[in-house]
Structures are given as C-alpha cells and as structure tokens.
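For reference, target.pdb is printed below; it contains PDB, C-alpha atoms and all ligand atoms.
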ATOM      1  CA  GLU E   1     156.190  73.413  81.000
ATOM      2  CA  GLY E   2     158.096  70.602  79.342
ATOM      3  CA  VAL E   3     157.494  68.895  76.014
ATOM      4  CA  GLY E   4     154.528  66.601  75.563
ATOM      5  CA  PRO E   5     151.512  66.201  77.765
ATOM      6  CA  GLN E   6     151.682  66.065  81.537
ATOM      7  CA  GLU E   7     149.676  63.277  83.137
ATOM      8  CA  TYR E   8     147.968  64.015  86.431
ATOM      9  CA  THR E   9     145.895  61.818  88.670
ATOM     10  CA  LEU E  10     142.624  63.525  89.561
ATOM     11  CA  ILE E  11     141.661  62.644  93.105
ATOM     12  CA  LYS E  12     137.905  62.629  93.645
ATOM     13  CA  MET E  13     137.197  64.327  96.970
ATOM     14  CA  LYS E  14     133.509  63.721  97.646
ATOM     15  CA  VAL E  15     131.458  66.622  98.957
ATOM     16  CA  LYS E  16     129.537  65.606 102.086
ATOM     17  CA  GLU E  17     126.078  66.860 102.999
ATOM     18  CA  PRO E  18     125.000  69.478 103.824
ATOM     19  CA  PHE E  19     126.053  71.127 100.560
ATOM     20  CA  PRO E  20     127.026  74.823 100.591
ATOM     21  CA  ASP E  21     124.483  77.289  99.139
ATOM     22  CA  LYS E  22     126.031  77.444  95.670
ATOM     23  CA  LEU E  23     125.840  73.639  95.317
ATOM     24  CA  ARG E  24     122.490  73.165  97.071
ATOM     25  CA  ALA E  25     120.587  72.578  93.810
ATOM     26  CA  LEU E  26     122.830  69.516  93.263
ATOM     27  CA  ALA E  27     121.882  67.813  96.547
ATOM     28  CA  GLY E  28     121.443  64.074  96.049
ATOM     29  CA  LYS E  29     124.056  63.913  93.292
ATOM     30  CA  ASN E  30     127.613  62.659  93.697
ATOM     31  CA  VAL E  31     129.644  65.880  93.667
ATOM     32  CA  TYR E  32     133.457  65.891  93.871
ATOM     33  CA  LEU E  33     136.154  68.511  94.169
ATOM     34  CA  VAL E  34     138.753  67.012  91.818
ATOM     35  CA  ALA E  35     142.388  67.656  92.748
ATOM     36  CA  ALA E  36     145.262  67.201  90.276
ATOM     37  CA  THR E  37     148.320  65.458  91.716
ATOM     38  CA  LEU E  38     151.632  64.044  90.489
ATOM     39  CA  ARG E  39     151.960  61.973  93.673
ATOM     40  CA  PRO E  40     149.088  59.448  93.927
ATOM     41  CA  GLU E  41     151.163  57.309  96.312
ATOM     42  CA  THR E  42     150.993  60.075  98.932
ATOM     43  CA  MET E  43     147.191  60.087  99.233
ATOM     44  CA  PHE E  44     147.446  58.106 102.497
ATOM     45  CA  GLY E  45     148.629  61.377 104.054
ATOM     46  CA  GLN E  46     145.890  63.788 102.918
ATOM     47  CA  THR E  47     144.797  66.213 105.647
ATOM     48  CA  ASN E  48     142.707  68.748 103.687
ATOM     49  CA  CYS E  49     141.903  70.212 100.274
ATOM     50  CA  TRP E  50     143.120  73.589  98.978
ATOM     51  CA  VAL E  51     141.175  76.100  96.900
ATOM     52  CA  LYS E  52     142.013  79.719  96.105
ATOM     53  CA  PRO E  53     139.385  82.021  97.667
ATOM     54  CA  ASP E  54     139.019  84.397  94.688
ATOM     55  CA  MET E  55     139.444  81.798  91.922
ATOM     56  CA  LYS E  56     136.481  80.953  89.715
ATOM     57  CA  TYR E  57     135.355  77.333  89.570
ATOM     58  CA  VAL E  58     132.529  75.515  87.817
ATOM     59  CA  ALA E  59     130.494  72.434  88.702
ATOM     60  CA  VAL E  60     130.190  70.373  85.516
ATOM     61  CA  ALA E  61     128.155  67.327  84.490
ATOM     62  CA  MET E  62     130.291  64.289  83.721
ATOM     63  CA  LYS E  63     129.380  61.419  81.382
ATOM     64  CA  SER E  64     129.124  59.166  84.451
ATOM     65  CA  GLY E  65     126.302  61.264  85.928
ATOM     66  CA  GLU E  66     128.660  62.587  88.587
ATOM     67  CA  VAL E  67     129.497  66.271  89.070
ATOM     68  CA  PHE E  68     133.086  67.572  89.111
ATOM     69  CA  VAL E  69     134.138  70.941  90.517
ATOM     70  CA  CYS E  70     137.243  72.438  88.836
ATOM     71  CA  THR E  71     138.303  75.448  86.752
ATOM     72  CA  GLN E  72     136.508  76.069  83.472
ATOM     73  CA  ARG E  73     139.833  75.567  81.735
ATOM     74  CA  ALA E  74     140.160  72.066  83.200
ATOM     75  CA  ALA E  75     136.529  71.266  82.324
ATOM     76  CA  ARG E  76     137.260  72.165  78.717
ATOM     77  CA  ASN E  77     140.332  69.916  78.690
ATOM     78  CA  MET E  78     138.303  67.065  80.196
ATOM     79  CA  SER E  79     135.703  67.469  77.464
ATOM     80  CA  TYR E  80     138.390  66.447  74.940
ATOM     81  CA  GLN E  81     139.327  63.388  77.026
ATOM     82  CA  GLU E  82     136.063  61.483  76.690
ATOM     83  CA  MET E  83     134.882  62.474  80.158
ATOM     84  CA  MET E  84     131.714  64.347  79.151
ATOM     85  CA  ALA E  85     128.580  63.130  77.319
ATOM     86  CA  GLU E  86     129.584  64.980  74.163
ATOM     87  CA  ASN E  87     133.207  65.493  73.128
ATOM     88  CA  GLY E  88     134.339  69.111  73.190
ATOM     89  CA  LYS E  89     131.265  70.223  75.156
ATOM     90  CA  PHE E  90     130.635  70.614  78.847
ATOM     91  CA  LYS E  91     127.528  71.520  80.814
ATOM     92  CA  VAL E  92     128.017  74.007  83.645
ATOM     93  CA  LEU E  93     125.606  73.287  86.516
ATOM     94  CA  ALA E  94     126.905  75.992  88.865
ATOM     95  CA  GLU E  95     129.491  78.772  88.898
ATOM     96  CA  LEU E  96     131.308  79.466  92.131
ATOM     97  CA  THR E  97     134.391  80.956  93.731
ATOM     98  CA  GLY E  98     136.785  79.220  96.085
ATOM     99  CA  GLN E  99     135.213  81.150  98.951
ATOM    100  CA  ASP E 100     131.815  79.647  98.098
ATOM    101  CA  ILE E 101     133.154  76.156  98.894
ATOM    102  CA  MET E 102     135.449  77.157 101.764
ATOM    103  CA  GLY E 103     135.118  74.892 104.815
ATOM    104  CA  VAL E 104     133.177  72.231 102.916
ATOM    105  CA  ALA E 105     133.557  68.710 104.369
ATOM    106  CA  LEU E 106     134.955  66.024 102.062
ATOM    107  CA  LYS E 107     135.566  62.285 101.963
ATOM    108  CA  ALA E 108     138.969  61.656 100.360
ATOM    109  CA  PRO E 109     140.430  58.288  99.262
ATOM    110  CA  LEU E 110     143.090  56.365 101.233
ATOM    111  CA  THR E 111     143.595  58.902 104.013
ATOM    112  CA  SER E 112     143.000  57.841 107.612
ATOM    113  CA  TYR E 113     141.073  61.069 108.332
ATOM    114  CA  GLU E 114     137.353  60.308 107.990
ATOM    115  CA  THR E 115     136.603  63.927 106.988
ATOM    116  CA  VAL E 116     138.925  66.520 105.503
ATOM    117  CA  TYR E 117     138.018  70.177 104.937
ATOM    118  CA  THR E 118     138.373  72.662 102.107
ATOM    119  CA  LEU E 119     140.830  75.386 103.136
ATOM    120  CA  PRO E 120     142.417  78.490 101.536
ATOM    121  CA  MET E 121     145.773  78.439  99.727
ATOM    122  CA  LEU E 122     146.837  81.660  98.039
ATOM    123  CA  ASN E 123     149.434  80.359  95.569
ATOM    124  CA  ILE E 124     147.214  78.137  93.443
ATOM    125  CA  GLN E 125     147.652  78.830  89.723
ATOM    126  CA  TYR E 126     144.630  78.977  87.411
ATOM    127  CA  GLY E 127     146.523  77.590  84.418
ATOM    128  CA  LYS E 128     147.591  74.286  85.920
ATOM    129  CA  GLY E 129     145.621  71.146  86.776
ATOM    130  CA  THR E 130     142.100  71.745  88.069
ATOM    131  CA  GLY E 131     142.809  74.714  90.376
ATOM    132  CA  ILE E 132     142.032  72.357  93.262
ATOM    133  CA  VAL E 133     144.941  70.822  95.165
ATOM    134  CA  THR E 134     144.885  68.049  97.720
ATOM    135  CA  SER E 135     147.108  68.606 100.733
ATOM    136  CA  VAL E 136     149.773  66.188 101.949
ATOM    137  CA  PRO E 137     151.821  68.178 104.486
ATOM    138  CA  SER E 138     154.107  65.222 105.284
ATOM    139  CA  ASP E 139     155.576  65.229 101.759
ATOM    140  CA  SER E 140     154.762  68.576 100.143
ATOM    141  CA  PRO E 141     156.525  71.695 101.489
ATOM    142  CA  ASP E 142     153.822  73.959  99.973
ATOM    143  CA  ASP E 143     151.124  72.035 101.799
ATOM    144  CA  PHE E 144     152.996  71.961 105.105
ATOM    145  CA  ALA E 145     153.733  75.708 104.984
ATOM    146  CA  ALA E 146     150.120  76.593 104.131
ATOM    147  CA  LEU E 147     148.639  74.318 106.818
ATOM    148  CA  ARG E 148     151.047  75.686 109.429
ATOM    149  CA  ASP E 149     150.046  79.274 108.483
ATOM    150  CA  LEU E 150     146.397  78.442 109.126
ATOM    151  CA  LYS E 151     147.192  76.698 112.413
ATOM    152  CA  LYS E 152     149.327  79.568 113.694
ATOM    153  CA  LYS E 153     147.105  82.468 112.685
ATOM    154  CA  GLU E 154     143.610  82.678 114.077
ATOM    155  CA  ALA E 155     142.992  85.893 112.088
ATOM    156  CA  PHE E 156     143.830  84.048 108.857
ATOM    157  CA  ARG E 157     141.293  81.338 109.700
ATOM    158  CA  GLU E 158     138.654  83.937 110.602
ATOM    159  CA  LYS E 159     139.176  85.908 107.412
ATOM    160  CA  TYR E 160     138.063  82.911 105.341
ATOM    161  CA  GLY E 161     135.448  81.558 107.757
ATOM    162  CA  ILE E 162     137.491  78.511 108.774
ATOM    163  CA  LYS E 163     136.557  76.899 112.116
ATOM    164  CA  ASP E 164     139.261  75.592 114.473
ATOM    165  CA  HIS E 165     138.016  71.988 114.193
ATOM    166  CA  MET E 166     138.733  72.028 110.436
ATOM    167  CA  VAL E 167     142.438  72.718 111.003
ATOM    168  CA  LEU E 168     143.751  72.203 114.536
ATOM    169  CA  PRO E 169     143.303  68.390 114.850
ATOM    170  CA  TYR E 170     145.080  67.723 111.527
ATOM    171  CA  GLU E 171     148.771  66.773 111.630
ATOM    172  CA  PRO E 172     151.176  65.517 108.943
ATOM    173  CA  VAL E 173     151.008  61.700 108.730
ATOM    174  CA  PRO E 174     154.259  59.724 108.296
ATOM    175  CA  ILE E 175     153.847  57.707 105.063
ATOM    176  CA  ILE E 176     157.241  57.706 103.292
ATOM    177  CA  GLU E 177     160.770  57.397 104.680
ATOM    178  CA  VAL E 178     163.304  59.507 102.790
ATOM    179  CA  PRO E 179     167.019  59.055 103.579
ATOM    180  CA  GLU E 180     168.410  62.112 105.415
ATOM    181  CA  PHE E 181     164.906  63.594 105.692
ATOM    182  CA  GLY E 182     163.115  61.100 107.894
ATOM    183  CA  ASN E 183     159.441  60.214 107.633
ATOM    184  CA  LEU E 184     158.065  63.764 107.399
ATOM    185  CA  SER E 185     160.301  64.967 104.598
ATOM    186  CA  ALA E 186     158.416  68.193 103.889
ATOM    187  CA  VAL E 187     158.567  69.228 107.541
ATOM    188  CA  THR E 188     162.334  68.585 107.616
ATOM    189  CA  ALA E 189     162.864  70.462 104.342
ATOM    190  CA  CYS E 190     160.877  73.498 105.561
ATOM    191  CA  GLU E 191     163.074  73.602 108.679
ATOM    192  CA  ARG E 192     166.326  73.233 106.705
ATOM    193  CA  TYR E 193     165.447  75.898 104.161
ATOM    194  CA  LYS E 194     163.933  78.176 106.841
ATOM    195  CA  VAL E 195     160.498  78.429 105.268
ATOM    196  CA  GLY E 196     158.599  80.869 107.519
ATOM    197  CA  SER E 197     155.282  80.947 105.649
ATOM    198  CA  GLN E 198     153.647  80.051 102.339
ATOM    199  CA  ASN E 199     154.869  83.421 101.001
ATOM    200  CA  ASP E 200     158.567  82.459 101.228
ATOM    201  CA  ARG E 201     158.631  81.403  97.587
ATOM    202  CA  ASP E 202     162.416  81.127  97.091
ATOM    203  CA  GLN E 203     162.946  78.983 100.176
ATOM    204  CA  LEU E 204     159.924  76.884  99.255
ATOM    205  CA  ASN E 205     161.208  76.278  95.732
ATOM    206  CA  ASP E 206     164.532  75.019  97.123
ATOM    207  CA  ALA E 207     162.778  72.831  99.679
ATOM    208  CA  LYS E 208     160.413  71.434  97.045
ATOM    209  CA  GLU E 209     163.110  70.616  94.535
ATOM    210  CA  GLU E 210     165.220  68.690  96.989
ATOM    211  CA  VAL E 211     162.433  66.796  98.695
ATOM    212  CA  TYR E 212     160.683  65.978  95.420
ATOM    213  CA  LYS E 213     163.764  64.418  93.800
ATOM    214  CA  LYS E 214     164.856  62.557  96.923
ATOM    215  CA  GLY E 215     161.354  61.357  97.636
ATOM    216  CA  PHE E 216     160.883  59.992  94.132
ATOM    217  CA  TYR E 217     164.252  58.230  93.779
ATOM    218  CA  ASP E 218     165.028  57.188  97.353
ATOM    219  CA  GLY E 219     161.667  57.270  99.133
ATOM    220  CA  VAL E 220     160.421  54.064 100.728
ATOM    221  CA  MET E 221     156.813  53.480 101.787
ATOM    222  CA  ILE E 222     156.030  52.898 105.454
ATOM    223  CA  VAL E 223     152.255  52.668 104.954
ATOM    224  CA  LYS E 224     150.635  49.371 105.985
ATOM    225  CA  GLY E 225     150.471  46.973 103.028
ATOM    226  CA  TYR E 226     153.300  48.748 101.168
ATOM    227  CA  GLU E 227     156.062  48.650 103.792
ATOM    228  CA  GLY E 228     159.562  48.672 102.330
ATOM    229  CA  GLN E 229     158.467  49.279  98.732
ATOM    230  CA  LYS E 230     160.038  52.064  96.695
ATOM    231  CA  VAL E 231     157.935  55.110  95.797
ATOM    232  CA  GLN E 232     158.767  54.588  92.098
ATOM    233  CA  ASP E 233     157.382  51.053  92.214
ATOM    234  CA  VAL E 234     154.087  51.815  93.966
ATOM    235  CA  LYS E 235     153.097  55.019  92.144
ATOM    236  CA  LYS E 236     151.258  53.248  89.288
ATOM    237  CA  PRO E 237     149.714  50.433  91.358
ATOM    238  CA  ILE E 238     148.310  52.941  93.861
ATOM    239  CA  GLN E 239     146.970  55.112  91.044
ATOM    240  CA  LYS E 240     145.303  52.007  89.537
ATOM    241  CA  LEU E 241     143.877  51.016  92.917
ATOM    242  CA  MET E 242     142.076  54.349  93.263
ATOM    243  CA  ILE E 243     140.902  54.321  89.631
ATOM    244  CA  GLY E 244     139.507  50.810  90.138
ATOM    245  CA  LYS E 245     137.506  52.007  93.135
ATOM    246  CA  ASN E 246     136.149  55.007  91.174
ATOM    247  CA  GLU E 247     138.111  57.341  93.455
ATOM    248  CA  ALA E 248     140.426  58.801  90.786
ATOM    249  CA  VAL E 249     140.777  59.367  87.044
ATOM    250  CA  VAL E 250     143.684  60.128  84.729
ATOM    251  CA  TYR E 251     143.785  63.632  83.249
ATOM    252  CA  GLN E 252     146.242  65.157  80.804
ATOM    253  CA  GLU E 253     147.141  68.650  79.707
TER     254      GLU E 253
HETATM  255  B1  LIG N 301     151.259  67.631  94.217
HETATM  256  P1  LIG N 301     153.510  70.703  88.364
HETATM  257 CL1  LIG N 301     152.929  65.146  98.312
HETATM  258  N1  LIG N 301     148.647  75.431  91.477
HETATM  259  O1  LIG N 301     150.319  66.694  94.841
HETATM  260  C1  LIG N 301     149.659  75.104  92.341
HETATM  261  N2  LIG N 301     150.013  73.845  92.638
HETATM  262  C2  LIG N 301     149.314  72.860  92.054
HETATM  263  C3  LIG N 301     148.256  73.108  91.160
HETATM  264  C4  LIG N 301     147.920  74.470  90.880
HETATM  265  N3  LIG N 301     146.932  74.805  90.045
HETATM  266  N4  LIG N 301     147.742  71.931  90.753
HETATM  267  C5  LIG N 301     148.464  70.966  91.357
HETATM  268  N5  LIG N 301     149.418  71.513  92.154
HETATM  269  C6  LIG N 301     150.424  70.836  92.993
HETATM  270  C7  LIG N 301     150.814  66.168  96.102
HETATM  271  C8  LIG N 301     152.260  66.543  96.100
HETATM  272  C9  LIG N 301     152.557  67.372  95.034
HETATM  273  C10 LIG N 301     153.266  66.141  96.969
HETATM  274  C11 LIG N 301     154.556  66.580  96.766
HETATM  275  C12 LIG N 301     154.846  67.428  95.706
HETATM  276  C13 LIG N 301     153.829  67.834  94.813
HETATM  277  C14 LIG N 301     150.044  66.758  97.248
HETATM  278  N6  LIG N 301     149.891  68.162  97.170
HETATM  279  O2  LIG N 301     154.067  68.648  93.751
HETATM  280  O3  LIG N 301     153.851  72.134  88.277
HETATM  281  C15 LIG N 301     150.088  69.396  93.273
HETATM  282  O4  LIG N 301     150.775  68.972  94.440
HETATM  283  C16 LIG N 301     155.378  69.164  93.570
HETATM  284  C17 LIG N 301     155.621  69.502  92.123
HETATM  285  O5  LIG N 301     152.486  70.257  87.369
HETATM  286  C18 LIG N 301     150.746  68.592  92.150
HETATM  287  O6  LIG N 301     151.283  67.418  92.777
HETATM  288  O7  LIG N 301     154.740  69.890  88.400
HETATM  289  C19 LIG N 301     151.834  69.520  91.635
HETATM  290  O8  LIG N 301     151.630  70.796  92.255
HETATM  291  C20 LIG N 301     151.812  69.699  90.130
HETATM  292  O9  LIG N 301     152.818  70.605  89.808
END

Show me this structure written as structure tokens.
Ligand code: A2H
Amino acid sequence: EGVGPQEYTLIKMKVKEPFPDKLRALAGKNVYLVAATLRPETMFGQTNCWVKPDMKYVAVAMKSGEVFVCTQRAARNMSYQEMMAENGKFKVLAELTGQDIMGVALKAPLTSYETVYTLPMLNIQYGKGTGIVTSVPSDSPDDFAALRDLKKKEAFREKYGIKDHMVLPYEPVPIIEVPEFGNLSAVTACERYKVGSQNDRDQLNDAKEEVYKKGFYDGVMIVKGYEGQKVQDVKKPIQKLMIGKNEAVVYQE
C-alpha cells in the first residue's frame, strides 16, 4: 500500500429479518454488514454484497448501540477510531464465517433495488477494508465478473446455497458515463480485456486500472439529481449525504 492512511467509506448494509442462525440472538438490534469502498458515488448502482465463504467475521457492538459485521482486524482498527464505547476495545457479540451469512437479505443506501443479497466472492482479501465488499457491476470489473459467474453457473450458486431470485433479476445499472466506455464501463472493460471469469486476474487487473482512472478523471454522472456532474466533484458530497443519513461512516487504515 502507499504512504499514509487510506480513507474508505463504510457502507452500512442493513440486515433484514429474519436473521440467519448465527445472528439470531441479535434480533431486534440494528445489524449491518459494513462494506469498505473507495467509490461512494457509485452506490446508486449496488446490486448485491460480497463476502468470502471461508473468511472469519465478527459481529461487534458499536458505541451507537448498533452492531457491525466485519473482520476482527477491521473491528480492532475501528476501536482506535472512536467508534466503540471504549477506545482500543471491542465487544464481540457473535463469530461467524462468510457462509453463515450467505444469502442474507440487506437494505443498502441509494440503490434502486429494494433488497440486495449477500453472495460469494472468492478473491476478497482479509487484510484490506472490512472483508465485506459492496457490488457495483456497472463500474467495477471485479464485481461484474463475479456476478456474471454466479448468473452463468447454477452449480456455483448451489454450492453456496444461493437461490436464483437472489441473482438472476439483478443487472448492472447505468450510473456514470465514461468517454470511450459508455455507461456500463466495467462491462465494456471486461469485454475489451477478455475477462472470462473472476479467476482471470491479469485481465481483470488491466480492466480495473483503465476503467478506474478513466472513471475518476473523465466520468460524468447520469444519475437523477447529479446529471452532468463530474465524478470527482460529487464523490465527497455523496459520501456526506450518506453519512448525514446514518448510512455510512468514514474508516481509515
Ligand atoms: B470498490 P484498494 Cl464501483 N478485498 O468499491 C478485495 N477487494 C476489496 C476489499 C477486500 N478486502 N475491500 C474493498 N475492496 C474493493 C466499489 C468500486 C471499487 C468500484 C470500482 C472500483 C473499486 C464497488 N465495489 O475498487 O486496494 C472495493 O471495491 C477498485 C480499486 O484499497 C474498494 O472500492 O484500492 C476497493 O476494492 C479498495 O481497494
């Protein structure tokens, strides 16, 4: 990683009832899967949440009375950022794996989908962010490739207990126009770099690099209320909007 701290926006994806077994004792509380993103302005295009099936997560008590689900590493970092009752300490309410929360229904901010589901992604790293990633297949090649894998392969869905209705109705949403890439830049980039699946790491890295730079410098919003505004100019205001509605928090590492 580079010098100095990296700032992420943590998107609070609210767990809907009924809670899965491992979270059942927390019923009645506000429980969130918290996803670390560098692209808060893309949250209009969320279609699902990613967790790694065999990764270990914890549900921790926040100062606010809410419960966050993330890696233990991220919980520790949060405890030094004034997010828990006592600095440097965190209270684990439940320990779980990604598989334990697979298929869970969530309410995510800004997206037009009323419910999004928790789905498997195999390339999530433990040592970055919260270990939970929100999915924007219109603008993230990783997300598009992983969602397409699930849509194409029934056996892949079955392996992780994912029902068709959690995946098949969800399509990339046009939210940002990028010159030469159109309004679904990740889809275009995956075609150009011949990304066949989420395991094509070299092709994906090329696709990501190009689309990420172009999107940031030349991307223009097409979402209602932000039409014609540059991505660079709306990133902070959209982050602030979600923070103001208690739908996001800033997190550093
Ligand atoms: B980004 P950086 Cl639309 N493992 O959010 C793998 N990937 C992770 C992760 C983890 N533990 N934690 C976060 N990420 C993803 C949106 C997005 C992102 C778009 C386009 C590009 C993009 C929606 N997914 O990232 O290594 C998250 O995906 C391209 C870099 O810290 C997060 O932002 O630079 C980004 O990677 C953080 O990666």

Give the residue list for ligand LIG 301 (chain N) at 6 Å, counting only C-alpha atoms and all ligand atoms, as a PyMOL selection string, sorted by chain and then by residue number. chain E and resi 36-39+42+124-126+128-129+131+133-136+139-140

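Using all atoms listed in the file, the shortest contact distance between Glu17 of chain E and any of E:Asn30, E:Thr130, E:Asn205, E:Gln239 is found at E:Asn30.
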
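Atom CA of Thr9 of chain E lies 6.1 Å from atom CA of Tyr251 of chain E.
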
Measure the distance from atom CA of Lys224 of chain E to atom CA of Pro174 of chain E in Å and round it to one decimal.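 These atoms are spaced 11.2 Å apart.
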
Using only C-alpha atoms, pick whichever of E:Leu204, E:Ala85, E:Leu168, E:Leu23 has the shortest atom-to-atom distance to Ala59 of chain E.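 Answer, going by the shortest atom-to-atom distance: E:Leu23.
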